[in-house]
Amino acid sequence: MIEHISILLLITPLLAAIVVSIVNTLSKTKIIQKIITAISLVLPFFYLSIIFQRISTESISYNVGGWEEPFGITLIIDELSFILLLISSILVFVTFIYSLQNIKQDTEKFYFFFLLLTTALNGIFLSGDLFNIYIFFDLTIISSFILITFGDKKYALKGSIKYLILGTLASLFLLLGIGFVYAETGVLNLEYVQHRISLIDVQTQIVIFVFFLAAVGIKAAIIPFHTWLVDAHSTAPVPISALLSGIIVKSGVYVFIRISSFEFTLPRMNEVIIMLGAITAVGGVIGALMQWDIKRITANHTISQIGFIIVGIGTGSTIGFAGGIYHIVNHAFFKALLFLCAGALIYKTGSKDIREYRIGWTMPITFIVYVIGILSISGITPFNGSVSKKLIETAIHSYPGISIMLLFASVGTVASFSKILYYAFFKHKSVNTNGNDGKKVPFTMLVSMIILAVFCLALGIIPQLWLDGLILPASYLLGDVNLIQQVSFIEPLSILKEWIIVGGGLVLLFLIIRFSTMVDSLRTKISKIPVNQSILFMIITLIIISIIFNYL
Amino acid sequence: MTSRIVKTVSRTIIPFIFLFGIYIIIHGHLSPGGGFQGGVIMAMGVILIIISYGYDIFRNYTDSLSLIETLGVAFFILMGLIGIIAGKSFFSSLGTIWLLNIIIGLKVCSGIVLFYMLFIKWEHPP
Amino acid sequence: MINGITIGLVLFLIGLYGIITNKNLIKIIMSLGISSNGIILFFNSLGYVQGGLPPILTESSVNFVDPVPQALMLTMIVINLCDTALALAIIVWIYKKFGTVNIEEMT
C-alpha cells in the first residue's frame, strides 16, 4: 500500500474537486463544500508522514499502468520533491483557513478551482518525465488564471489576461525544448535524459538550453520575462496572491533546478545564470521603490527574492544549492505572511494606497506579525531570512561584483519595507471616530497569520535541525558531498553587517521621499508599454544569450 | 438561420453524423480515433441541431449537461482505481479500454455542447 | 529541405510575430493558435521514418512510424482547446465591462 502514496497525493484533491462540483449543481449551501475541502487538505499531511522514513534511504518511483521505465509515465518522490510537497501542503492549508472569511462572492466555484490548483501543484512536484511536467505546468496556469478573476473586477480582468497570454507562450517554449530533446536522445524520462544530453553536439545544446530558459524564465519571473507578475499578483484576491507568490512561482524554479541538473557541456553556463539572477534581484527592488500600492510593492519584492534564489542555484556548488533550496522554503513562508497581513490591512481600511492608512496602535496583533515578516525578509539574525542569505553569500564570495549587487538589493528591501511601516503604522488618525474603525479583523485571518509567523521564527532559531534533516540531503542529490564547509550562523561580524544594511536602507528611504515627484513620472512612463510588446525584449535577450554561448 | 431548406437538409444528415461519431468511438482501439475525436464529431451533430432549429430547444438543459460531465470524470478516475484494487498499478490495462473510450466520448460531447450554449446565451434573451 | 520540421518552425515564428504586433485581443488568441499548430506539425514529423507504415497492429513486421509524438500531441490539442475556450470567455467578459477589446486602451 505504501507504493500507492504517489497516486493518492494526486487523486485526493481531484476527487474532492469533482465531489464539490457535483454538490454545486445539486444544492445551494456552502457548508458542505468547505467541509469537503478541509478534509481533503488535511489528508496529504498523513501521506507525507508515512513516507518520510523511507525517503531518507531511497527515492520512491511509481510506474503508472505498469509500463517499464523509459517507456511509461513515472512518478518520483525524492528529497527535493518531498520538501516542496510539504511546503505546498502547508501553504494551501493556511490560505484555505484565511479564505474562509475573506471570499464573499461566488464561493462555491472558488473551492472547485482551488482544489484543481492543488492537484496541479502536486503533479508538477511528483512528475518524473518531461512531458508530464508540461501537462501540469499548463494546468497550473489555467487554474490560477481563473482564480485571479475572483478579485476586484475593474482590475482583475486586465491582470489575468496578461498572465494567460504569457503563460501559454511559456508552455509553447517548453514544448519546443522537449521536442528537440526527444529528437536528439529518444527518451523523455528525467534520469535517462540526464546522462544522454552530454552526447549531443554543442549547437543543439545551446538551442535546447535557450528554449528551456525562456519557459522557466516566464514562469519564475527572471528579469526580461517578468512583465506579467506585478499586474497579476496585485489584482488577485488576497489568499490567491499569497499562493501565487508563495508556491506557484516556485514551481518554475523547481523545473529550473531539474533542468540545471542535466549535464550540459556549455562553457560558462554558471556565470550567465548568476548574472541573470543578480540583474533580477536589483531590478525587482528598483521597481518596488517606485510604487505606493501595498500589493504591488510586495509583488515586486517577489521578483527580487527569486533573483537571490537563482544566484544561489546557478553557482553549481553544494552550499549554493543548499542556500537556494532553503531560501525557497523561507520565501514561501514570509512572502505568504506579508501578503496575508496586507490583506488584513486592506480589509480594515478599504484602500490599497499606503498613504491613506493611519492605523497607529489599533491593530496590535497584525503589527507584531507584520514586523516579524519584515525582519525575516530583510535578513535580521534570529529570523529565517538571515540563514539562507548567509548561505548564498558564502557561495558567491569569489564573485565580488555580484556580492555588491546583492548588497544593494538587501539595502533596497529594507528601505521599501520601512516606508510601509512608517506610513501605515507610525502615523495616527487625526479624527477619532470614523466609519471603518469598528471593523475587527476576523478570527480565521488572524489564526492563519499567526501560524505562518511561528514557522518563520522556528525556521530561523534552530537552522541546524532543518539543514541536516531535510535540506542537505536534497542538495547532495545535485552537488558533490565532500565540498560542504562548516557555516556558523551566529557571528558578530555578520550581525554588524546586517545593521549597517538597515542603516543604509533608512538613508535610501530618506532620499526617495525627497525626490518623489521624479520617481512618480518615471513610473508612469514605464507602465505605458503593453504586454505583448515586452515579448520583443524577451526575444532579443534570448538571441543575445545564444550569441554569447556561440562565441565563447 | 432557421429557414425551411436548412431544416430539411440538416434533418437528413444528422443521424449519419451521430452514426459516424459512434463508429469512431467504439473502434478506438483498432483504428485511428478513440474517445476525444468521436466525442467532438458527435458534438458537431448536436450543435447543428441547435443552429438550424433555434436555441430554445436546449435552453433548460445546462445543469444536466454539467452533471453528466462531472460524473464522467468521476467514473474515469474510479476505473483507474480499480487497477489498484486488482493488485497492479493505477490504470493498468485489464481489457476495459472500450469502456474508457465510451465514457470519454460522452463527456467530451456534453462538454463542447455546453461551451457553445454558454457562449451564445447572451444573444437569445428569454 | 522543405519538410514538416522546417514548416512547423516557420509557423511558430509567424504566430510569435502575430502576438507581438497585434493590438486586438482576439487576434492575439488566434496567433497563439497558429503557433501551437506549428508546434504540432513539428512534433509529428519528428517521428517520420522513410517508407514506414501507420502504427496500427497488422500481421506484417515492417517499419512503423514512431507513435510516441502522435500520442503526446493528442494530449496537447486537448489542453490547447481548453485554454482557448477560457481565454475567449474572459474576452467576452472584458468586452461587456470595458466596451473595447483593444489592448492599449485597456491598460
# chains A, B, ... in the order shown; residues from 1 in each chain; ligands from 1
$ interface_residues --of "chain A" --to "chain B" --cutoff "6 Å" --atoms "only C-alpha atoms" --output "NGL selection string"
:A and (64-66)
$ write_last_selection --atoms "N, CA and C atoms" --output "PDB file, in the first residue's frame"
ATOM      1  N   VAL A  64       3.125   4.302 -13.700  1.00  0.00           N
ATOM      2  CA  VAL A  64       1.688   4.308 -13.921  1.00  0.00           C
ATOM      3  C   VAL A  64       1.356   3.303 -15.011  1.00  0.00           C
ATOM      4  N   GLY A  65       0.408   2.432 -14.765  1.00  0.00           N
ATOM      5  CA  GLY A  65      -0.011   1.473 -15.773  1.00  0.00           C
ATOM      6  C   GLY A  65       0.878   0.270 -15.888  1.00  0.00           C
ATOM      7  N   GLY A  66       1.910   0.198 -15.103  1.00  0.00           N
ATOM      8  CA  GLY A  66       2.744  -0.998 -15.148  1.00  0.00           C
ATOM      9  C   GLY A  66       3.737  -1.027 -16.279  1.00  0.00           C
TER      10      GLY A  66
END
$ interface_residues --of "chain C" --to "chain A" --cutoff "8 Å" --atoms "only C-alpha atoms" --output "count of residues only"
21
$ select_by_dssp --residues "range 16-95 of chain B" --states "alpha helix (DSSP H)" --output "count of residues only"
54
$ residues_around --residues "Gly18 in chain C" --least-positions-apart "6" --cutoff "8 Å" --atoms "only C-alpha atoms" --output "PyMOL selection string"
chain C and resi 27-28+31
$ write_last_selection --atoms "N, CA and C atoms" --output "PDB file, in the first residue's frame"
ATOM      1  N   LYS C  27      -7.218  38.781 -32.037  1.00  0.00           N
ATOM      2  CA  LYS C  27      -6.165  38.399 -32.977  1.00  0.00           C
ATOM      3  C   LYS C  27      -4.975  37.804 -32.246  1.00  0.00           C
ATOM      4  N   ILE C  28      -4.715  38.235 -30.988  1.00  0.00           N
ATOM      5  CA  ILE C  28      -3.616  37.636 -30.234  1.00  0.00           C
ATOM      6  C   ILE C  28      -3.920  36.179 -29.941  1.00  0.00           C
ATOM      7  N   SER C  31      -3.334  34.152 -32.997  1.00  0.00           N
ATOM      8  CA  SER C  31      -1.914  33.913 -33.275  1.00  0.00           C
ATOM      9  C   SER C  31      -1.354  32.842 -32.361  1.00  0.00           C
TER      10      SER C  31
END
$ select_by_dssp --residues "chain C" --states "strand (DSSP E or B)" --output "MDAnalysis selection string"
chainID C and resid 24 53 64 102
$ interface_residues --of "chain B" --to "chain C" --cutoff "8 Å" --atoms "only C-alpha atoms" --output "JSON, numbers by chain"
{"B": [30, 31, 115, 119]}
$ write_last_selection --atoms "C-alpha atoms" --output "mmCIF file, in the first residue's frame"
data_model
loop_
_atom_site.group_PDB
_atom_site.id
_atom_site.type_symbol
_atom_site.label_atom_id
_atom_site.label_comp_id
_atom_site.auth_asym_id
_atom_site.auth_seq_id
_atom_site.Cartn_x
_atom_site.Cartn_y
_atom_site.Cartn_z
ATOM 1 C CA LEU B 30 -8.335 -0.796 -33.681
ATOM 2 C CA SER B 31 -8.137 2.232 -35.989
ATOM 3 C CA PHE B 115 -19.246 25.559 -24.352
ATOM 4 C CA PHE B 119 -21.223 31.422 -25.389
#
$ decode --residues "range 17-120 of chain B" --atoms "C-alpha atoms" --output "PDB file, in the first residue's frame"
ATOM      1  CA  ILE B  17     -23.174  12.324 -38.218  1.00  0.00           C
ATOM      2  CA  PHE B  18     -24.144  10.581 -34.990  1.00  0.00           C
ATOM      3  CA  LEU B  19     -23.539   7.150 -36.531  1.00  0.00           C
ATOM      4  CA  PHE B  20     -20.108   8.138 -37.758  1.00  0.00           C
ATOM      5  CA  GLY B  21     -19.211   9.558 -34.337  1.00  0.00           C
ATOM      6  CA  ILE B  22     -20.291   6.374 -32.535  1.00  0.00           C
ATOM      7  CA  TYR B  23     -18.306   4.278 -35.032  1.00  0.00           C
ATOM      8  CA  ILE B  24     -15.130   6.245 -34.327  1.00  0.00           C
ATOM      9  CA  ILE B  25     -15.618   5.978 -30.542  1.00  0.00           C
ATOM     10  CA  ILE B  26     -16.215   2.245 -30.484  1.00  0.00           C
ATOM     11  CA  HIS B  27     -13.386   1.268 -32.846  1.00  0.00           C
ATOM     12  CA  GLY B  28     -10.898   3.381 -30.925  1.00  0.00           C
ATOM     13  CA  HIS B  29      -8.500   0.579 -30.120  1.00  0.00           C
ATOM     14  CA  LEU B  30      -8.335  -0.796 -33.681  1.00  0.00           C
ATOM     15  CA  SER B  31      -8.137   2.232 -35.989  1.00  0.00           C
ATOM     16  CA  PRO B  32      -7.316   5.914 -35.583  1.00  0.00           C
ATOM     17  CA  GLY B  33      -9.815   7.624 -33.353  1.00  0.00           C
ATOM     18  CA  GLY B  34     -10.969   6.998 -29.835  1.00  0.00           C
ATOM     19  CA  GLY B  35     -12.838   8.898 -27.207  1.00  0.00           C
ATOM     20  CA  PHE B  36     -11.881  12.511 -27.830  1.00  0.00           C
ATOM     21  CA  GLN B  37     -12.154  12.509 -31.612  1.00  0.00           C
ATOM     22  CA  GLY B  38     -15.508  10.718 -31.699  1.00  0.00           C
ATOM     23  CA  GLY B  39     -16.869  12.955 -28.978  1.00  0.00           C
ATOM     24  CA  VAL B  40     -16.084  16.081 -30.981  1.00  0.00           C
ATOM     25  CA  ILE B  41     -17.879  14.673 -34.044  1.00  0.00           C
ATOM     26  CA  MET B  42     -20.976  13.842 -32.016  1.00  0.00           C
ATOM     27  CA  ALA B  43     -20.944  17.341 -30.550  1.00  0.00           C
ATOM     28  CA  MET B  44     -20.926  18.772 -34.070  1.00  0.00           C
ATOM     29  CA  GLY B  45     -24.173  16.924 -34.723  1.00  0.00           C
ATOM     30  CA  VAL B  46     -25.839  18.388 -31.655  1.00  0.00           C
ATOM     31  CA  ILE B  47     -24.617  21.899 -32.483  1.00  0.00           C
ATOM     32  CA  LEU B  48     -26.109  21.561 -35.982  1.00  0.00           C
ATOM     33  CA  ILE B  49     -29.466  20.879 -34.347  1.00  0.00           C
ATOM     34  CA  ILE B  50     -29.135  23.991 -32.196  1.00  0.00           C
ATOM     35  CA  ILE B  51     -28.171  26.185 -35.156  1.00  0.00           C
ATOM     36  CA  SER B  52     -30.898  25.044 -37.508  1.00  0.00           C
ATOM     37  CA  TYR B  53     -33.813  24.668 -35.110  1.00  0.00           C
ATOM     38  CA  GLY B  54     -33.229  27.611 -32.781  1.00  0.00           C
ATOM     39  CA  TYR B  55     -31.796  27.949 -29.294  1.00  0.00           C
ATOM     40  CA  ASP B  56     -34.995  27.302 -27.372  1.00  0.00           C
ATOM     41  CA  ILE B  57     -34.798  23.518 -27.711  1.00  0.00           C
ATOM     42  CA  PHE B  58     -31.898  23.084 -25.310  1.00  0.00           C
ATOM     43  CA  ARG B  59     -32.357  26.089 -23.085  1.00  0.00           C
ATOM     44  CA  ASN B  60     -33.166  24.253 -19.858  1.00  0.00           C
ATOM     45  CA  TYR B  61     -30.544  21.533 -20.115  1.00  0.00           C
ATOM     46  CA  THR B  62     -27.404  23.344 -18.916  1.00  0.00           C
ATOM     47  CA  ASP B  63     -27.485  21.867 -15.420  1.00  0.00           C
ATOM     48  CA  SER B  64     -27.893  18.279 -16.520  1.00  0.00           C
ATOM     49  CA  LEU B  65     -25.104  18.643 -19.092  1.00  0.00           C
ATOM     50  CA  SER B  66     -22.622  19.782 -16.462  1.00  0.00           C
ATOM     51  CA  LEU B  67     -23.771  16.939 -14.207  1.00  0.00           C
ATOM     52  CA  ILE B  68     -23.014  14.406 -16.988  1.00  0.00           C
ATOM     53  CA  GLU B  69     -19.589  15.926 -17.392  1.00  0.00           C
ATOM     54  CA  THR B  70     -18.568  15.718 -13.757  1.00  0.00           C
ATOM     55  CA  LEU B  71     -19.942  12.197 -13.400  1.00  0.00           C
ATOM     56  CA  GLY B  72     -17.886  11.238 -16.451  1.00  0.00           C
ATOM     57  CA  VAL B  73     -14.644  12.384 -14.832  1.00  0.00           C
ATOM     58  CA  ALA B  74     -15.569  10.616 -11.582  1.00  0.00           C
ATOM     59  CA  PHE B  75     -16.174   7.312 -13.388  1.00  0.00           C
ATOM     60  CA  PHE B  76     -12.919   7.660 -15.298  1.00  0.00           C
ATOM     61  CA  ILE B  77     -10.877   8.017 -12.122  1.00  0.00           C
ATOM     62  CA  LEU B  78     -12.772   5.193 -10.427  1.00  0.00           C
ATOM     63  CA  MET B  79     -11.929   2.918 -13.366  1.00  0.00           C
ATOM     64  CA  GLY B  80      -8.297   3.800 -12.753  1.00  0.00           C
ATOM     65  CA  LEU B  81      -8.591   2.964  -9.069  1.00  0.00           C
ATOM     66  CA  ILE B  82      -9.918  -0.494  -9.970  1.00  0.00           C
ATOM     67  CA  GLY B  83      -6.406  -1.176 -11.224  1.00  0.00           C
ATOM     68  CA  ILE B  84      -5.064  -0.561  -7.725  1.00  0.00           C
ATOM     69  CA  ILE B  85      -7.618  -2.886  -6.160  1.00  0.00           C
ATOM     70  CA  ALA B  86      -6.731  -5.660  -8.593  1.00  0.00           C
ATOM     71  CA  GLY B  87      -3.150  -5.581  -7.347  1.00  0.00           C
ATOM     72  CA  LYS B  88      -1.239  -3.859 -10.133  1.00  0.00           C
ATOM     73  CA  SER B  89      -0.586  -0.144 -10.634  1.00  0.00           C
ATOM     74  CA  PHE B  90      -3.005   2.678 -11.408  1.00  0.00           C
ATOM     75  CA  PHE B  91      -4.592   2.485 -14.874  1.00  0.00           C
ATOM     76  CA  SER B  92      -3.131  -0.912 -15.739  1.00  0.00           C
ATOM     77  CA  SER B  93      -4.723  -2.472 -18.820  1.00  0.00           C
ATOM     78  CA  LEU B  94      -7.287  -5.027 -17.695  1.00  0.00           C
ATOM     79  CA  GLY B  95      -9.102  -5.278 -21.019  1.00  0.00           C
ATOM     80  CA  THR B  96     -11.527  -2.409 -20.381  1.00  0.00           C
ATOM     81  CA  ILE B  97     -10.275   0.277 -22.745  1.00  0.00           C
ATOM     82  CA  TRP B  98     -13.559   0.241 -24.682  1.00  0.00           C
ATOM     83  CA  LEU B  99     -15.414   1.391 -21.547  1.00  0.00           C
ATOM     84  CA  LEU B 100     -12.990   4.257 -21.019  1.00  0.00           C
ATOM     85  CA  ASN B 101     -13.467   5.337 -24.637  1.00  0.00           C
ATOM     86  CA  ILE B 102     -17.242   5.459 -24.297  1.00  0.00           C
ATOM     87  CA  ILE B 103     -17.091   7.465 -21.062  1.00  0.00           C
ATOM     88  CA  ILE B 104     -14.717   9.978 -22.611  1.00  0.00           C
ATOM     89  CA  GLY B 105     -16.864  10.234 -25.732  1.00  0.00           C
ATOM     90  CA  LEU B 106     -19.988  11.139 -23.788  1.00  0.00           C
ATOM     91  CA  LYS B 107     -18.062  13.560 -21.606  1.00  0.00           C
ATOM     92  CA  VAL B 108     -16.431  15.421 -24.490  1.00  0.00           C
ATOM     93  CA  CYS B 109     -19.702  15.662 -26.400  1.00  0.00           C
ATOM     94  CA  SER B 110     -21.563  17.192 -23.488  1.00  0.00           C
ATOM     95  CA  GLY B 111     -18.617  19.470 -22.707  1.00  0.00           C
ATOM     96  CA  ILE B 112     -18.399  21.007 -26.159  1.00  0.00           C
ATOM     97  CA  VAL B 113     -22.159  21.459 -26.427  1.00  0.00           C
ATOM     98  CA  LEU B 114     -22.021  23.224 -23.053  1.00  0.00           C
ATOM     99  CA  PHE B 115     -19.246  25.559 -24.352  1.00  0.00           C
ATOM    100  CA  TYR B 116     -21.387  26.525 -27.340  1.00  0.00           C
ATOM    101  CA  MET B 117     -24.543  27.079 -25.328  1.00  0.00           C
ATOM    102  CA  LEU B 118     -22.845  29.261 -22.740  1.00  0.00           C
ATOM    103  CA  PHE B 119     -21.223  31.422 -25.389  1.00  0.00           C
ATOM    104  CA  ILE B 120     -24.414  32.271 -27.243  1.00  0.00           C
TER     105      ILE B 120
END
